[in-house]
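Coordinates from model.pdb are shown below (PDB, C-alpha atoms).
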```pdb
MODEL        1
ATOM      1  CA  MET V   1       3.329  40.705  23.662
ATOM      2  CA  ARG V   2       5.440  39.782  20.643
ATOM      3  CA  GLN V   3       4.568  36.513  18.951
ATOM      4  CA  GLU V   4       7.575  34.350  18.174
ATOM      5  CA  GLU V   5       8.114  33.241  14.619
ATOM      6  CA  PRO V   6       8.088  29.468  14.224
ATOM      7  CA  SER V   7      11.554  28.018  14.231
ATOM      8  CA  SER V   8      12.973  27.051  10.869
ATOM      9  CA  GLU V   9      12.900  23.431  12.036
ATOM     10  CA  VAL V  10       9.134  23.586  12.677
ATOM     11  CA  ALA V  11       8.508  25.406   9.392
ATOM     12  CA  SER V  12      10.623  22.848   7.556
ATOM     13  CA  LEU V  13       8.688  19.959   9.120
ATOM     14  CA  SER V  14       5.363  21.462   8.017
ATOM     15  CA  SER V  15       6.587  21.888   4.456
ATOM     16  CA  THR V  16       7.801  18.272   4.264
ATOM     17  CA  ALA V  17       5.100  16.685   6.453
ATOM     18  CA  VAL V  18       2.591  14.259   5.000
ATOM     19  CA  GLY V  19      -1.052  14.432   6.049
ATOM     20  CA  LEU V  20      -3.393  11.481   5.519
ATOM     21  CA  ILE V  21      -7.178  11.596   5.444
ATOM     22  CA  PRO V  22      -8.487   8.003   5.538
ATOM     23  CA  THR V  23     -11.946   7.701   3.936
ATOM     24  CA  MET V  24     -14.288   5.155   2.441
ATOM     25  CA  GLY V  25     -15.052   7.544  -0.395
ATOM     26  CA  ALA V  26     -18.395   9.221  -1.062
ATOM     27  CA  LEU V  27     -16.646  12.422  -0.012
ATOM     28  CA  HIS V  28     -18.700  15.215   1.540
ATOM     29  CA  ALA V  29     -18.216  18.590   3.236
ATOM     30  CA  GLY V  30     -16.809  16.957   6.386
ATOM     31  CA  HIS V  31     -14.071  15.241   4.386
ATOM     32  CA  LEU V  32     -13.336  18.465   2.532
ATOM     33  CA  SER V  33     -12.858  20.327   5.826
ATOM     34  CA  LEU V  34     -10.334  17.665   6.907
ATOM     35  CA  ILE V  35      -8.542  18.035   3.568
ATOM     36  CA  GLN V  36      -8.461  21.814   3.987
ATOM     37  CA  ARG V  37      -6.953  21.510   7.464
ATOM     38  CA  ALA V  38      -4.401  18.962   6.250
ATOM     39  CA  ARG V  39      -3.507  21.259   3.353
ATOM     40  CA  GLN V  40      -2.785  24.084   5.818
ATOM     41  CA  GLU V  41      -0.604  21.906   8.054
ATOM     42  CA  ASN V  42       1.336  19.706   5.608
ATOM     43  CA  GLY V  43       3.428  19.913   2.477
ATOM     44  CA  THR V  44       1.794  16.779   1.063
ATOM     45  CA  VAL V  45      -1.825  15.697   1.455
ATOM     46  CA  ILE V  46      -2.954  12.143   0.702
ATOM     47  CA  VAL V  47      -6.553  10.939   0.760
ATOM     48  CA  SER V  48      -7.110   7.219   1.030
ATOM     49  CA  ILE V  49     -10.295   5.851  -0.462
ATOM     50  CA  PHE V  50     -10.942   2.306   0.635
ATOM     51  CA  ILE V  51     -14.333   0.759   1.215
ATOM     52  CA  ASN V  52     -13.379  -1.515   4.057
ATOM     53  CA  PRO V  53     -15.128  -4.880   3.774
ATOM     54  CA  LEU V  54     -13.914  -5.884   7.237
ATOM     55  CA  GLN V  55     -16.060  -3.326   9.010
ATOM     56  CA  PHE V  56     -19.364  -4.445   7.514
ATOM     57  CA  GLY V  57     -21.447  -6.639   9.792
ATOM     58  CA  PRO V  58     -24.052  -9.327   9.211
ATOM     59  CA  ILE V  59     -26.942  -6.981   8.383
ATOM     60  CA  GLU V  60     -24.916  -4.330   6.549
ATOM     61  CA  ASP V  61     -24.614  -4.488   2.798
ATOM     62  CA  TYR V  62     -21.062  -3.960   1.602
ATOM     63  CA  GLN V  63     -22.172  -4.244  -2.027
ATOM     64  CA  ARG V  64     -24.557  -1.283  -1.702
ATOM     65  CA  TYR V  65     -22.050   1.121  -0.158
ATOM     66  CA  PRO V  66     -21.714   4.112  -2.538
ATOM     67  CA  ARG V  67     -18.794   3.930  -4.914
ATOM     68  CA  THR V  68     -18.097   7.414  -6.277
ATOM     69  CA  LEU V  69     -14.395   7.271  -7.121
ATOM     70  CA  ASP V  70     -14.598   9.550 -10.183
ATOM     71  CA  GLN V  71     -16.500  12.211  -8.243
ATOM     72  CA  ASP V  72     -14.157  11.786  -5.265
ATOM     73  CA  ARG V  73     -11.125  12.255  -7.519
ATOM     74  CA  HIS V  74     -12.619  15.456  -8.890
ATOM     75  CA  LEU V  75     -13.305  16.815  -5.386
ATOM     76  CA  CYS V  76      -9.774  15.912  -4.277
ATOM     77  CA  GLU V  77      -8.293  17.645  -7.298
ATOM     78  CA  GLN V  78     -10.320  20.800  -6.559
ATOM     79  CA  ALA V  79      -9.236  20.694  -2.898
ATOM     80  CA  GLY V  80      -5.528  20.461  -3.763
ATOM     81  CA  VAL V  81      -4.922  16.857  -2.704
ATOM     82  CA  ASP V  82      -1.494  15.660  -3.846
ATOM     83  CA  ALA V  83      -2.305  11.951  -4.097
ATOM     84  CA  ILE V  84      -5.170   9.520  -3.738
ATOM     85  CA  PHE V  85      -4.443   6.059  -2.394
ATOM     86  CA  ALA V  86      -7.308   3.788  -3.520
ATOM     87  CA  PRO V  87      -6.158   0.191  -3.039
ATOM     88  CA  THR V  88      -8.141  -2.980  -3.616
ATOM     89  CA  ALA V  89      -8.905  -5.390  -0.789
ATOM     90  CA  GLU V  90      -6.206  -7.694  -2.096
ATOM     91  CA  GLN V  91      -3.656  -4.857  -2.168
ATOM     92  CA  MET V  92      -4.520  -4.191   1.483
ATOM     93  CA  GLY V  93      -3.733  -7.813   2.278
ATOM     94  CA  ILE V  94      -7.319  -8.783   2.940
ATOM     95  CA  GLU V  95      -7.923 -12.369   2.011
ATOM     96  CA  ASN V  96     -11.232 -14.208   2.130
ATOM     97  CA  TRP V  97     -13.362 -11.117   2.693
ATOM     98  CA  GLU V  98     -15.865 -12.479   0.195
ATOM     99  CA  THR V  99     -16.200 -15.493   2.501
ATOM    100  CA  LYS V 100     -16.924 -13.197   5.447
ATOM    101  CA  GLU V 101     -19.646 -11.421   3.477
ATOM    102  CA  ARG V 102     -21.150 -14.714   2.311
ATOM    103  CA  ILE V 103     -21.180 -16.050   5.874
ATOM    104  CA  PHE V 104     -22.625 -12.831   7.316
ATOM    105  CA  ASN V 105     -25.316 -12.559   4.646
ATOM    106  CA  SER V 106     -26.439 -16.184   4.741
ATOM    107  CA  SER V 107     -29.352 -17.442   6.784
ATOM    108  CA  SER V 108     -27.363 -20.335   8.247
ATOM    109  CA  PRO V 109     -26.648 -20.617  11.984
ATOM    110  CA  ALA V 110     -23.010 -19.804  11.169
ATOM    111  CA  ALA V 111     -24.108 -16.340  10.014
ATOM    112  CA  SER V 112     -23.809 -14.955  13.522
ATOM    113  CA  ALA V 113     -20.303 -16.316  14.028
ATOM    114  CA  THR V 114     -17.263 -14.272  13.140
ATOM    115  CA  PRO V 115     -15.582 -16.055  10.245
ATOM    116  CA  SER V 116     -12.005 -17.168  10.446
ATOM    117  CA  LEU V 117      -9.928 -14.791   8.332
ATOM    118  CA  SER V 118      -6.329 -15.599   7.533
ATOM    119  CA  GLN V 119      -4.848 -12.095   7.701
ATOM    120  CA  THR V 120      -3.524 -10.398  10.795
ATOM    121  CA  GLN V 121      -6.135  -8.253  12.469
ATOM    122  CA  VAL V 122      -5.968  -5.517  15.080
ATOM    123  CA  VAL V 123      -8.262  -6.178  18.016
ATOM    124  CA  PRO V 124      -9.166  -3.095  20.070
ATOM    125  CA  PRO V 125      -9.911  -3.561  23.781
ATOM    126  CA  ALA V 126     -13.247  -5.318  24.338
ATOM    127  CA  ASN V 127     -14.320  -2.680  26.853
ATOM    128  CA  MET V 128     -14.276  -0.194  23.950
ATOM    129  CA  THR V 129     -15.898  -2.384  21.285
ATOM    130  CA  LEU V 130     -18.625  -4.350  23.059
ATOM    131  CA  VAL V 131     -20.621  -1.334  24.221
ATOM    132  CA  MET V 132     -22.869   1.177  22.468
ATOM    133  CA  CYS V 133     -23.092   0.467  18.724
ATOM    134  CA  GLY V 134     -20.250  -2.055  18.966
ATOM    135  CA  SER V 135     -22.598  -4.442  20.745
ATOM    136  CA  ARG V 136     -24.784  -4.511  17.610
ATOM    137  CA  ARG V 137     -21.956  -4.533  15.065
ATOM    138  CA  PRO V 138     -19.742  -7.577  15.701
ATOM    139  CA  GLY V 139     -16.283  -7.174  14.218
ATOM    140  CA  HIS V 140     -16.908  -3.596  13.036
ATOM    141  CA  PHE V 141     -14.303  -1.855  15.164
ATOM    142  CA  GLN V 142     -11.819  -4.687  14.665
ATOM    143  CA  GLY V 143     -12.191  -4.131  10.907
ATOM    144  CA  VAL V 144     -11.770  -0.360  11.300
ATOM    145  CA  ALA V 145      -8.694  -0.740  13.530
ATOM    146  CA  THR V 146      -7.127  -3.274  11.168
ATOM    147  CA  ILE V 147      -7.470  -1.074   8.082
ATOM    148  CA  VAL V 148      -6.484   2.173   9.830
ATOM    149  CA  THR V 149      -3.342   0.417  11.069
ATOM    150  CA  LYS V 150      -2.557  -0.830   7.562
ATOM    151  CA  LEU V 151      -3.133   2.624   6.039
ATOM    152  CA  LEU V 152      -0.879   4.275   8.615
ATOM    153  CA  ASN V 153       1.823   1.673   8.003
ATOM    154  CA  VAL V 154       1.653   1.967   4.209
ATOM    155  CA  VAL V 155       1.446   5.760   3.938
ATOM    156  CA  GLN V 156       3.464   6.592   7.080
ATOM    157  CA  PRO V 157       2.039  10.099   7.454
ATOM    158  CA  ASN V 158       3.239  12.657   9.972
ATOM    159  CA  ARG V 159      -0.391  13.474  10.719
ATOM    160  CA  ALA V 160      -3.730  11.754  10.138
ATOM    161  CA  TYR V 161      -7.128  13.418  10.094
ATOM    162  CA  PHE V 162     -10.343  11.711  11.161
ATOM    163  CA  GLY V 163     -13.920  12.928  11.344
ATOM    164  CA  GLN V 164     -15.581  13.170  14.717
ATOM    165  CA  LYS V 165     -19.145  12.100  13.917
ATOM    166  CA  ASP V 166     -18.607   8.633  15.452
ATOM    167  CA  GLY V 167     -17.302   9.238  18.972
ATOM    168  CA  GLN V 168     -16.798   5.553  19.763
ATOM    169  CA  GLN V 169     -14.770   4.980  16.624
ATOM    170  CA  LEU V 170     -12.721   8.131  17.244
ATOM    171  CA  ALA V 171     -11.905   6.968  20.794
ATOM    172  CA  ILE V 172     -10.791   3.580  19.459
ATOM    173  CA  ILE V 173      -8.600   5.180  16.783
ATOM    174  CA  LYS V 174      -7.030   7.525  19.356
ATOM    175  CA  ARG V 175      -6.251   4.508  21.532
ATOM    176  CA  LEU V 176      -4.838   2.689  18.507
ATOM    177  CA  VAL V 177      -2.514   5.540  17.596
TER     178      VAL V 177
ENDMDL
END
```
structure tokens encoding of this file:
Amino acid sequence: MRQEEPSSEVASLSSTAVGLIPTMGALHAGHLSLIQRARQENGTVIVSIFINPLQFGPIEDYQRYPRTLDQDRHLCEQAGVDAIFAPTAEQMGIENWETKERIFNSSSPAASATPSLSQTQVVPPANMTLVMCGSRRPGHFQGVATIVTKLLNVVQPNRAYFGQKDGQQLAIIKRLV
């Protein structure tokens, strides 16, 4: 059986398509495999590096999350990434995230309450977020969904590439998209 050549329209789309790999940095082999796949399927590959303060819960330490931007830049350069998008929380439109962290990390009774944040947030369906690890991580998947939505809106890729190690998060992102 003869295999058809891709149409010029499909080939043209691949050469002009933009692929986005959203990360929180501290890149590893899993990220590099996503970059490699994106490189094969797109003319432009963008890696976002954003440590998302909105997805950290009351007992998780945002301040201790590894920050390896120089190393990540080097790995991206070696992997043929065209651009790195590494915004600040303020550039992502996140206001008062320091307040959230202070509330979550305090020992006051308010520590268990979700703080009132002034920015728009994306709220995934409760039946997807209040089970499994979501039941122990209040606001985590809301924070993930909010930032993934913002990244997709800012970069406007043709394709986005996500790891599969967190099945619950992957299901929520698929629903989001």
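In this model, the gap between CA of Leu151 (chain V) and CA of Ile59 (chain V) comes to 25.8 Å.
Taken over the whole file, the PyMOL selection byres ((chain V and resi 124) around 12) covers exactly V:Gln121, V:Val122, V:Val123, V:Pro125, V:Ala126, V:Asn127, V:Met128, V:Thr129, V:Leu130, V:Gly134, V:Gly139, V:His140, V:Phe141, V:Gln142, V:Gly143, V:Val144, V:Ala145, V:Thr146, V:Val148, V:Thr149, V:Gln168, V:Gln169, V:Ala171, V:Ile172, V:Ile173, V:Lys174, V:Arg175, V:Leu176, V:Val177.
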Take the PyMOL selection byres ((chain V and resi 28-37) around 9), run it mentally on this structure, and tell me the resulting residues as a ChimeraX atom specification.
/V:19-21,23,25-27,38-42,45-47,72,75-76,79-81,161-163
Within 7 Å of (-19.8, -7.0, 13.7), in the coordinates the file gives, what residues turn up when you count all atoms listed in the file, written out as a list of chain:residue names?
V:Phe56, V:Gly57, V:Pro58, V:Arg136, V:Arg137, V:Pro138, V:Gly139, V:His140
Pro87 (chain V): which residues within 12 Å, counting only C-alpha atoms, same-chain residues fewer than 2 positions away excluded, as a count of residues only?
24
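For the atom pair formed by CA of Tyr65 (chain V) and CA of Val18 (chain V), the distance is 28.4 Å, given to one decimal.
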For the atom pair CA of Asn158 (chain V) and CA of Gly43 (chain V), what is the interatomic distance in Å to one decimal place?
10.4 Å
Extending 6 Å beyond the listed atoms of region 158-169 of chain V on each side, what axis-aligned box results? I want centre and edge lengths in Å to one decimal, as AutoDock Vina command-line options.
```
--center_x -8.0 --center_y 9.2 --center_z 14.9 --size_x 34.4 --size_y 20.5 --size_z 21.8
```
